[in-house]
file start.txt (compact mmCIF, C-alpha atoms and all ligand atoms)
# COMPACT_ATOMS: atom_id res chain seq x y z
CA MET A 86 -91.96 5.39 37.30
CA LEU A 87 -90.41 5.49 33.87
CA GLU A 88 -92.59 6.47 30.95
CA ILE A 89 -92.38 5.32 27.35
CA LYS A 90 -90.96 8.04 25.14
CA GLN A 91 -92.34 8.07 21.62
CA LEU A 92 -90.08 8.49 18.62
CA ASN A 93 -89.68 11.96 17.06
CA TYR A 94 -90.26 10.38 13.63
CA SER A 95 -92.29 7.64 11.98
CA PHE A 96 -91.19 4.00 11.82
CA ASP A 97 -90.40 4.35 8.11
CA ALA A 98 -88.64 7.72 8.38
CA LEU A 99 -85.13 6.27 8.34
CA LYS A 100 -85.53 3.97 5.33
CA PRO A 101 -83.40 2.63 3.72
CA MET A 102 -80.68 3.06 6.38
CA MET A 103 -83.02 1.53 8.94
CA GLY A 104 -86.14 -0.29 7.82
CA SER A 105 -89.57 0.20 9.38
CA ASP A 106 -89.65 -3.37 10.76
CA THR A 107 -86.31 -2.82 12.47
CA LEU A 108 -87.41 0.46 13.99
CA PHE A 109 -90.84 -0.88 14.99
CA PHE A 110 -89.46 -3.93 16.80
CA HIS A 111 -86.58 -1.93 18.23
CA HIS A 112 -88.84 0.70 19.79
CA GLU A 113 -92.06 -1.20 20.50
CA LYS A 114 -90.54 -4.47 21.70
CA HIS A 115 -86.94 -3.99 22.83
CA TYR A 116 -87.11 -0.44 24.20
CA VAL A 117 -90.62 -0.77 25.66
CA GLY A 118 -89.53 -4.08 27.20
CA TYR A 119 -86.68 -2.32 29.00
CA VAL A 120 -89.06 0.36 30.32
CA ASN A 121 -91.50 -2.26 31.65
CA LYS A 122 -88.80 -4.41 33.24
CA ALA A 123 -87.12 -1.37 34.84
CA ASN A 124 -90.46 -0.34 36.36
CA GLU A 125 -91.02 -3.86 37.71
CA LEU A 126 -87.63 -3.70 39.44
CA LEU A 127 -87.92 -0.13 40.68
CA PRO A 128 -88.00 0.12 44.51
CA PRO A 129 -90.93 2.28 45.77
CA LYS A 130 -88.51 4.85 47.25
CA TRP A 131 -87.03 5.52 43.78
CA ARG A 132 -90.33 5.85 41.90
CA HIS A 133 -90.21 9.66 41.86
CA LYS A 134 -86.60 9.76 40.60
CA SER A 135 -85.65 10.75 37.07
CA LEU A 136 -84.33 8.18 34.62
CA GLN A 137 -80.79 9.53 34.92
CA GLU A 138 -80.99 9.46 38.72
CA ILE A 139 -82.21 5.86 38.64
CA VAL A 140 -79.31 4.84 36.37
CA SER A 141 -76.79 6.49 38.71
CA LEU A 142 -78.38 5.16 41.90
CA ALA A 143 -78.60 1.61 40.54
CA ARG A 144 -74.95 1.78 39.47
CA ASP A 145 -73.80 3.20 42.83
CA LYS A 146 -75.82 0.72 44.90
CA GLY A 147 -74.85 -2.30 42.83
CA GLU A 148 -78.43 -3.00 41.74
CA ILE A 149 -77.22 -4.71 38.58
CA ALA A 150 -80.56 -6.01 37.26
CA LEU A 151 -82.20 -2.59 37.59
CA PHE A 152 -79.11 -0.84 36.25
CA ASN A 153 -79.13 -2.97 33.10
CA GLN A 154 -82.79 -2.25 32.35
CA ALA A 155 -82.73 1.47 33.25
CA ALA A 156 -79.45 2.08 31.42
CA GLN A 157 -80.91 0.43 28.34
CA VAL A 158 -83.91 2.77 28.57
CA TRP A 159 -81.62 5.80 28.75
CA ASN A 160 -79.30 4.49 26.01
CA HIS A 161 -82.18 3.81 23.63
CA GLU A 162 -83.86 7.18 24.16
CA PHE A 163 -80.50 8.87 23.53
CA PHE A 164 -79.90 6.71 20.45
CA PHE A 165 -83.32 7.36 18.91
CA ASP A 166 -83.04 11.11 19.55
CA GLY A 167 -79.65 11.15 17.85
CA LEU A 168 -81.01 10.03 14.46
CA SER A 169 -82.56 12.22 11.80
CA VAL A 170 -82.88 12.46 8.05
CA ASN A 171 -83.98 16.09 8.24
CA PRO A 172 -81.34 18.11 6.32
CA GLU A 173 -81.53 20.89 8.92
CA ASP A 174 -80.30 18.41 11.53
CA HIS A 175 -77.26 17.52 9.41
CA GLU A 176 -75.62 20.95 9.67
CA ILE A 177 -72.66 20.95 12.03
CA SER A 178 -72.46 23.96 14.32
CA ASP A 179 -69.29 26.06 14.53
CA ASP A 180 -68.76 25.04 18.16
CA LEU A 181 -68.98 21.36 17.33
CA LEU A 182 -66.76 21.78 14.28
CA PHE A 183 -64.14 23.41 16.50
CA TYR A 184 -63.99 20.33 18.72
CA ILE A 185 -64.04 17.92 15.78
CA ARG A 186 -61.12 19.65 14.06
CA LYS A 187 -59.18 19.97 17.32
CA ASP A 188 -59.48 16.32 18.33
CA TYR A 189 -60.12 14.43 15.06
CA ASN A 190 -58.87 16.80 12.33
CA SER A 191 -61.97 16.34 10.18
CA ILE A 192 -65.52 15.07 10.21
CA ASP A 193 -64.48 12.21 7.92
CA ASN A 194 -61.83 11.15 10.42
CA LEU A 195 -64.34 11.24 13.24
CA LYS A 196 -66.83 9.17 11.24
CA SER A 197 -64.11 6.63 10.42
CA GLU A 198 -63.23 6.33 14.09
CA LEU A 199 -66.88 5.79 15.05
CA ILE A 200 -67.33 3.15 12.33
CA LYS A 201 -64.09 1.36 13.30
CA THR A 202 -65.18 1.33 16.94
CA ALA A 203 -68.55 -0.14 15.95
CA LEU A 204 -66.78 -2.87 14.04
CA THR A 205 -64.34 -3.75 16.83
CA ARG A 206 -66.90 -3.79 19.67
CA PHE A 207 -66.96 -7.51 20.51
CA GLY A 208 -70.46 -8.66 21.38
CA SER A 209 -73.42 -6.39 22.12
CA GLY A 210 -72.99 -2.81 23.16
CA TRP A 211 -72.82 0.82 22.24
CA VAL A 212 -70.49 3.21 20.45
CA TRP A 213 -70.26 6.66 22.02
CA LEU A 214 -69.12 10.11 21.13
CA VAL A 215 -68.46 11.85 24.43
CA LEU A 216 -66.85 15.00 25.70
CA GLU A 217 -64.29 14.07 28.34
CA GLY A 218 -62.96 17.25 29.92
CA GLU A 219 -62.30 19.43 26.89
CA HIS A 220 -61.78 16.60 24.41
CA LEU A 221 -64.05 14.67 22.10
CA LYS A 222 -63.59 10.95 22.50
CA VAL A 223 -64.95 7.89 20.75
CA GLN A 224 -65.43 4.87 22.95
CA SER A 225 -67.60 1.79 23.26
CA THR A 226 -69.35 0.05 26.11
CA LEU A 227 -70.45 -3.55 26.60
CA ASN A 228 -74.09 -4.61 26.96
CA ALA A 229 -76.00 -1.90 28.90
CA GLU A 230 -72.99 0.02 30.24
CA THR A 231 -73.30 3.74 29.64
CA PRO A 232 -71.52 7.04 30.24
CA CYS A 233 -74.87 8.39 31.53
CA GLY A 234 -74.23 9.73 35.02
CA LEU A 235 -70.48 9.11 34.96
CA GLN A 236 -68.60 12.07 36.32
CA GLY A 237 -66.34 13.80 33.80
CA PHE A 238 -68.19 12.47 30.75
CA LYS A 239 -70.76 14.29 28.67
CA PRO A 240 -72.46 11.90 26.23
CA LEU A 241 -72.99 13.53 22.84
CA TRP A 242 -74.20 10.72 20.57
CA THR A 243 -74.49 6.95 20.48
CA LEU A 244 -74.90 4.07 18.06
CA ASP A 245 -76.64 0.89 19.16
CA VAL A 246 -74.54 -2.08 18.01
CA TRP A 247 -76.69 -4.81 19.50
CA GLU A 248 -77.71 -7.14 16.68
CA HIS A 249 -81.40 -6.22 17.10
CA ALA A 250 -80.50 -2.74 15.82
CA TYR A 251 -79.43 -3.90 12.37
CA TYR A 252 -79.90 -7.62 11.74
CA LEU A 253 -83.15 -7.39 9.74
CA ASP A 254 -81.59 -4.84 7.38
CA TYR A 255 -77.93 -5.80 7.28
CA GLN A 256 -77.70 -9.33 8.77
CA ASN A 257 -74.09 -9.71 9.98
CA ARG A 258 -72.79 -6.57 8.19
CA ARG A 259 -72.45 -4.28 11.19
CA VAL A 260 -69.92 -2.14 9.35
CA ASP A 261 -72.45 -1.37 6.59
CA TYR A 262 -75.07 -0.40 9.19
CA ALA A 263 -72.62 1.89 10.99
CA THR A 264 -71.43 3.44 7.74
CA GLU A 265 -74.94 4.14 6.45
CA ILE A 266 -76.05 5.71 9.73
CA MET A 267 -72.87 7.79 10.07
CA ASN A 268 -73.13 9.13 6.54
CA ARG A 269 -76.86 9.76 6.34
CA ALA A 270 -78.73 9.75 9.62
CA VAL A 271 -76.75 11.43 12.39
CA ASN A 272 -78.64 14.27 14.04
CA TRP A 273 -75.71 16.68 14.33
CA ARG A 274 -77.98 19.34 15.80
CA PHE A 275 -78.67 16.92 18.69
CA VAL A 276 -74.91 16.41 19.12
CA ALA A 277 -74.28 20.17 19.21
CA ASN A 278 -77.10 20.68 21.71
CA ASN A 279 -75.59 18.08 24.02
CA LEU A 280 -72.22 19.81 23.73
CA SER A 281 -73.71 23.08 24.96
CA ILE A 282 -75.70 21.66 27.92
FE FE L 1 -81.25 -1.57 20.94

call {"tool": "encode", "arguments": {"input": "start.txt", "output": "structure tokens"}}
result
Amino acid sequence: MLEIKQLNYSFDALKPMMGSDTLFFHHEKHYVGYVNKANELLPPKWRHKSLQEIVSLARDKGEIALFNQAAQVWNHEFFFDGLSVNPEDHEISDDLLFYIRKDYNSIDNLKSELIKTALTRFGSGWVWLVLEGEHLKVQSTLNAETPCGLQGFKPLWTLDVWEHAYYLDYQNRRVDYATEIMNRAVNWRFVANNLSI
């Protein structure tokens, strides 16, 4: 059975980039809702499996309803863990900087690519920074789709671009939401840790 993972920070920790109402409803209603629905749909034989195993199994077996809920659980936990306003989490490790310079020339270029991808994602979905082989790549997925469990991809960071992630704070201005988060709330230590796993 999947368990609810609490945030590493308080609901008002990310103000003003993300207001406490946004974060409260996002975690307590949307994310918790995905956990509960995934558990309702979970076959007894998969109850001992990990979240990542459930996402992969549901994808492989074509269990679309379960996949959508479980993938959203994984995506949200990854998203929440990837945010921080702690200055220590904003330092970019040498290893990560090597990849950023190799594939995107500069951190500013990488941020611009992430923001542009957030803006051009039509509908609800996610923006991802992944390692594909030996290259950093920025990509986006629709609805619940996720690189979690996909062979050849190592997810490093994600931005939720469903409207529930930003509408209370930014209304329709998704680009402002993405820009604020990219410039002030990315947990680069989390990104570097994922790179080294
Ligand atoms: Fe969300």

call {"tool": "closest_residue", "arguments": {"input": "start.txt", "among": "A:Glu162, A:Arg132, A:Ser281, A:Val271", "to": "Tyr184 of chain A", "atoms": "only C-alpha atoms"}}
result
A:Ser281

call {"tool": "closest_residue", "arguments": {"input": "start.txt", "among": "A:Met267, A:Leu235, A:Leu136, A:Ala156", "to": "ligand FE 1 (chain L)", "atoms": "all atoms listed in the file"}}
result
A:Ala156

call {"tool": "residues_near_ligand", "arguments": {"input": "start.txt", "ligand": "ligand FE 1 (chain L)", "cutoff": "10 Å", "atoms": "only C-alpha atoms and all ligand atoms", "output": "ChimeraX atom specification"}}
result
/A:107-108,110-112,114-116,119,157-158,160-162,164-165,209-211,228-229,244-251

call {"tool": "atom_distance", "arguments": {"input": "start.txt", "atom1": "atom CA of Val215 of chain A", "atom2": "atom CA of Ser95 of chain A"}}
result
27.2 Å

call {"tool": "residues_near_point", "arguments": {"input": "start.txt", "point": "(-73.6, 10.3, 19.4)", "cutoff": "9 Å", "atoms": "all atoms listed in the file", "output": "ChimeraX atom specification"}}
result
/A:163-164,167-168,212-215,240-244,271-273,275-276

call {"tool": "closest_residue", "arguments": {"input": "start.txt", "among": "A:Arg274, A:His220, A:Lys90, A:Arg259", "to": "Arg186 of chain A", "atoms": "all atoms listed in the file"}}
result
A:His220

call {"tool": "atom_distance", "arguments": {"input": "start.txt", "atom1": "atom CA of Ile149 of chain A", "atom2": "atom CA of Asp166 of chain A"}}
result
25.4 Å

call {"tool": "closest_residue", "arguments": {"input": "start.txt", "among": "A:Ile282, A:Val170, A:Val260, A:Ala270", "to": "Ala203 of chain A", "atoms": "all atoms listed in the file"}}
result
A:Val260

call {"tool": "atom_distance", "arguments": {"input": "start.txt", "atom1": "atom CA of Asn124 of chain A", "atom2": "atom CA of Leu92 of chain A"}}
result
19.8 Å

call {"tool": "closest_residue", "arguments": {"input": "start.txt", "among": "A:Met86, A:Val140, A:Leu181, A:Ala277", "to": "Pro128 of chain A", "atoms": "all atoms listed in the file"}}
result
A:Met86

call {"tool": "axis_aligned_box", "arguments": {"input": "start.txt", "around": "segment 232-235 of chain A", "padding_each_side": "4 Å", "output": "AutoDock Vina command-line options"}}
result
--center_x -72.7 --center_y 8.4 --center_z 32.6 --size_x 12.4 --size_y 10.7 --size_z 12.8

call {"tool": "residues_around", "arguments": {"input": "start.txt", "residues": "Glu198 of chain A", "least_positions_apart": "4", "cutoff": "9 Å", "atoms": "all atoms listed in the file", "output": "ChimeraX atom specification"}}
result
/A:189,193-194,202-203,223

call {"tool": "write_last_selection", "arguments": {"input": "start.txt", "atoms": "C-alpha atoms", "output": "PDB file, in the coordinates of the input"}}
result
ATOM      1  CA  TYR A 189     -60.120  14.430  15.060  1.00  0.00           C
ATOM      2  CA  ASP A 193     -64.480  12.210   7.920  1.00  0.00           C
ATOM      3  CA  ASN A 194     -61.830  11.150  10.420  1.00  0.00           C
ATOM      4  CA  THR A 202     -65.180   1.330  16.940  1.00  0.00           C
ATOM      5  CA  ALA A 203     -68.550  -0.140  15.950  1.00  0.00           C
ATOM      6  CA  VAL A 223     -64.950   7.890  20.750  1.00  0.00           C
TER       7      VAL A 223
END

call {"tool": "closest_residue", "arguments": {"input": "start.txt", "among": "A:Asp97, A:Lys130, A:Thr231, A:Ile200", "to": "Asp261 of chain A", "atoms": "all atoms listed in the file"}}
result
A:Ile200

call {"tool": "residues_around", "arguments": {"input": "start.txt", "residues": "Leu151 of chain A", "least_positions_apart": "6", "cutoff": "8 Å", "atoms": "all atoms listed in the file", "output": "ChimeraX atom specification"}}
result
/A:123,126-127,143

call {"tool": "residues_near_point", "arguments": {"input": "start.txt", "point": "(-88.7, -2.7, 8.7)", "cutoff": "8 Å", "atoms": "all atoms listed in the file", "output": "ChimeraX atom specification"}}
result
/A:96-97,103-109,253-254

call {"tool": "write_last_selection", "arguments": {"input": "start.txt", "atoms": "C-alpha atoms", "output": "PDB file, in the frame of the given file"}}
result
ATOM      1  CA  PHE A  96     -91.190   4.000  11.820  1.00  0.00           C
ATOM      2  CA  ASP A  97     -90.400   4.350   8.110  1.00  0.00           C
ATOM      3  CA  MET A 103     -83.020   1.530   8.940  1.00  0.00           C
ATOM      4  CA  GLY A 104     -86.140  -0.290   7.820  1.00  0.00           C
ATOM      5  CA  SER A 105     -89.570   0.200   9.380  1.00  0.00           C
ATOM      6  CA  ASP A 106     -89.650  -3.370  10.760  1.00  0.00           C
ATOM      7  CA  THR A 107     -86.310  -2.820  12.470  1.00  0.00           C
ATOM      8  CA  LEU A 108     -87.410   0.460  13.990  1.00  0.00           C
ATOM      9  CA  PHE A 109     -90.840  -0.880  14.990  1.00  0.00           C
ATOM     10  CA  LEU A 253     -83.150  -7.390   9.740  1.00  0.00           C
ATOM     11  CA  ASP A 254     -81.590  -4.840   7.380  1.00  0.00           C
TER      12      ASP A 254
END
